[in-house]
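Scroll down for the structure; my scribbles are underneath it.
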Amino acid sequence: MNVDLGDLHAFLAVAHAGGFREGARASGGSASGLSEAVRRLEAQLGVRLFNRTTRSVALTDAGAGLLARLGPALNEVEAALDVVNGFRDRPAGTLRLNVPVSAARLVLPAIVPQFLAAYPGIRLEVIAEEGFVDVLAAGCDAGIRYDERLEQDMIAVPIGPRVQRFAAAASRSYLDRHGRPEHPGDLLGHACLRGRFASGAMPPWEFERDGEMVRVDPTGPLLVTLGGAADLAVDAAIAGTGIVCLFEDWLRPYFDSGVLEPVLEPWWQSFSGPFLYYPGRRLVPAPLRAFIDFVKDGGA
């Protein structure tokens, strides 16, 4: 039976993601392309792999049986092909990374151009999102996350700045009108521009000074999704709408230009930098190994 590997990968993407649209987002393809690939595979195998309705996609018994055996088998195929890749003078292939928006903006720009110049045979795909995902199920080789969001069975390699800080800021016009907070508790009387994760969780603003930790849940006129919509909160702060709290490195250009003024700087909390993480239970593909070595050698 002549079954296309691409069709098998399409089946895996849909099965892991639980739908054609979700599988397309995870794999970087299109829902229609995945649907056609699965139809083609079903026709070749002579069985239905998914039960489809207008609202859901679910594996049939045949599909579940194929999924249980196919994932490990394709991993072995990829590992075998990667052994051949290791004999090249320079690694080649695709490297897929799942990263938070903050890493795509603040960490990768100092690494990616030099890495791609050093390895012209590697094609890098970066998927930026805030939700924690299973990198393998999402079709990625590795990800970038902070320590508190790493799974225990992952191998973690430090990447980017090892110490970062959260910073609070507002425009001078806002602070002249409403006063400058002297203690984090003062933020409860200010208009604060909040952020929440796509999951709906809204992290408190945390501050620390001389061993004293203060957590506050201020309110304000604007709430944005962390990551993708953070720039809207920054723009609102520049316009004088209220106080924003974000990565110091994200806000640094606005401090340097003078359009935003630091707020409560002695209280800014430090935290450890991010990690490149990947599953330790499988052979590391050559493009990922090259990236790991590049980061370890000071590419960051």
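Every chain in the structure tokens takes a letter, A first, then B, and so on in the order presented; its residues are numbered from 1, and the ligands are numbered from 1 following the presented order.
Around stretch 55-70 of chain A, within 8 Å and counting only C-alpha atoms, the residues found are Leu12, Ala15, Gly18, Gly19, Phe20, Val47, Arg48 and Leu49 of chain A, once anything fewer than 6 positions away on its own chain is removed.
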For A:Glu206, please output as a tab-separated table (two decimals) with N, CA, C and O atoms, in the first residue's frame all residues within 8 Å (counting only C-alpha atoms; exclusion window: fewer than 2 positions along the same chain).
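Written out: result04.tsv:
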chain	number	residue	atom	x	y	z
A	204	PRO	N	-1.74	38.66	39.24
A	204	PRO	CA	-1.63	39.90	40.01
A	204	PRO	C	-0.33	40.61	39.68
A	204	PRO	O	0.59	40.03	39.10
A	208	GLU	N	8.55	43.66	44.94
A	208	GLU	CA	9.39	43.19	46.05
A	208	GLU	C	10.46	44.23	46.37
A	208	GLU	O	11.08	44.80	45.46
A	213	MET	N	7.37	41.24	49.97
A	213	MET	CA	6.64	40.94	48.74
A	213	MET	C	5.24	41.53	48.85
A	213	MET	O	4.54	41.35	49.85
A	214	VAL	N	4.81	42.23	47.78
A	214	VAL	CA	3.48	42.83	47.76
A	214	VAL	C	2.80	42.41	46.45
A	214	VAL	O	3.35	42.58	45.37
A	215	ARG	N	1.60	41.86	46.58
A	215	ARG	CA	0.78	41.51	45.41
A	215	ARG	C	-0.47	42.37	45.43
A	215	ARG	O	-1.14	42.47	46.46
A	216	VAL	N	-0.78	42.97	44.28
A	216	VAL	CA	-1.96	43.81	44.19
A	216	VAL	C	-2.77	43.42	42.97
A	216	VAL	O	-2.24	42.92	41.97
A	269	GLN	N	10.23	43.68	40.59
A	269	GLN	CA	10.61	42.31	40.96
A	269	GLN	C	11.46	41.67	39.88
A	269	GLN	O	11.14	41.71	38.69
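Among the candidates A:Val112, A:Cys140, A:Leu260, A:Leu276, the residue lying nearest to A:Asp235 is A:Leu260 (atoms considered: only C-alpha atoms).
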Residues within 12 Å of A:Val163, only C-alpha atoms, excluding chain neighbours under 5 positions, as number ranges by chain: A: 146, 158, 247-249, 269-275
Save out the residues we just selected, C-alpha atoms, as a PDB file, in the first residue's frame.
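Saved file selection25.pdb follows:
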ATOM      1  CA  TYR A 146       9.917  30.212  32.047  1.00  0.00           C
ATOM      2  CA  PRO A 158      19.032  28.619  29.532  1.00  0.00           C
ATOM      3  CA  PHE A 247       8.740  43.292  31.053  1.00  0.00           C
ATOM      4  CA  GLU A 248      11.358  45.966  31.675  1.00  0.00           C
ATOM      5  CA  ASP A 249      13.037  45.168  28.344  1.00  0.00           C
ATOM      6  CA  GLN A 269      10.606  42.314  40.960  1.00  0.00           C
ATOM      7  CA  SER A 270      13.419  40.284  39.381  1.00  0.00           C
ATOM      8  CA  PHE A 271      12.906  36.768  38.034  1.00  0.00           C
ATOM      9  CA  SER A 272      15.013  34.182  36.238  1.00  0.00           C
ATOM     10  CA  GLY A 273      15.212  34.234  32.468  1.00  0.00           C
ATOM     11  CA  PRO A 274      13.592  31.755  30.060  1.00  0.00           C
ATOM     12  CA  PHE A 275      14.653  28.286  28.973  1.00  0.00           C
TER      13      PHE A 275
END
Neighbouring residues of A:Glu36 were defined as those with any atom within 12 Å, considering only C-alpha atoms; residues of the same chain fewer than 3 positions away were excluded. Please report them as a list in words. Gly6, Asp7, Leu8, Ala10, Phe11, Val14, Phe20, Gly29, Ser30, Ala31, Ser32, Gly33, Arg39, Arg40, Leu41, Glu42 and Ala43 of chain A
Long-range neighbours of A:Val224 as a ChimeraX atom specification, 7 Å cut-off, only C-alpha atoms, 3 positions minimum in chain: /A:194-196,229-230,233
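Among the candidates A:Val295, A:Leu226, A:His190, A:Ser173, the one nearest to A:Val101 when counting only C-alpha atoms is A:Leu226.
Running DSSP on the backbone and keeping only strand (DSSP E), the residues of stretch 188-269 of chain A that qualify are Cys192, Leu193, Arg194, Gly195, Arg196, Trp205, Glu206, Phe207, Glu208, Arg209, Glu212, Met213, Val214, Arg215, Val216, Leu222, Leu223, Val224, Thr225, Ile243, Val244, Cys245, Leu246, Phe247, Glu261, Pro262 and Val263 of chain A.
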Which residue out of A:Ala169, A:Leu45, A:Ile159, A:Ala198 has the minimum interatomic distance to A:Gly258 when only C-alpha atoms are used? A:Ala169
Using only C-alpha atoms, find the one residue out of A:Gly46, A:Gly242, A:Gly23, A:Pro72 that sits nearest to A:Val263. A:Gly242
Excluding A:Arg177 and residues on its chain fewer than 5 positions from it, collect all residues at most 12 Å away from it, counting only C-alpha atoms, and give them as a ChimeraX atom specification. /A:170-172,190-191,240-242
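Atom CA of A:Ser199 lies 20.7 Å from atom CA of A:Leu97.
One finds atom CA of A:Arg180 at 19.1 Å from atom CA of A:Asp256.
For the atom pair formed by atom CA of A:Ser257 and atom CA of A:Arg165, the distance is 19.3 Å, given to one decimal.
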Using only C-alpha atoms: which of A:Ala167, A:Ala103, A:Ala286, A:Ile127 has the shortest distance to A:Ile243: A:Ala167
DSSP says helix (DSSP H, G or I) for which residues of stretch 38-79 of chain A? Put them as a ChimeraX atom specification? /A:38-45,61-79
Looking at A:Ala201, A:Val157, A:Ile238, A:Ala13, which one is nearest to A:Arg289, with distances taken over only C-alpha atoms? A:Val157
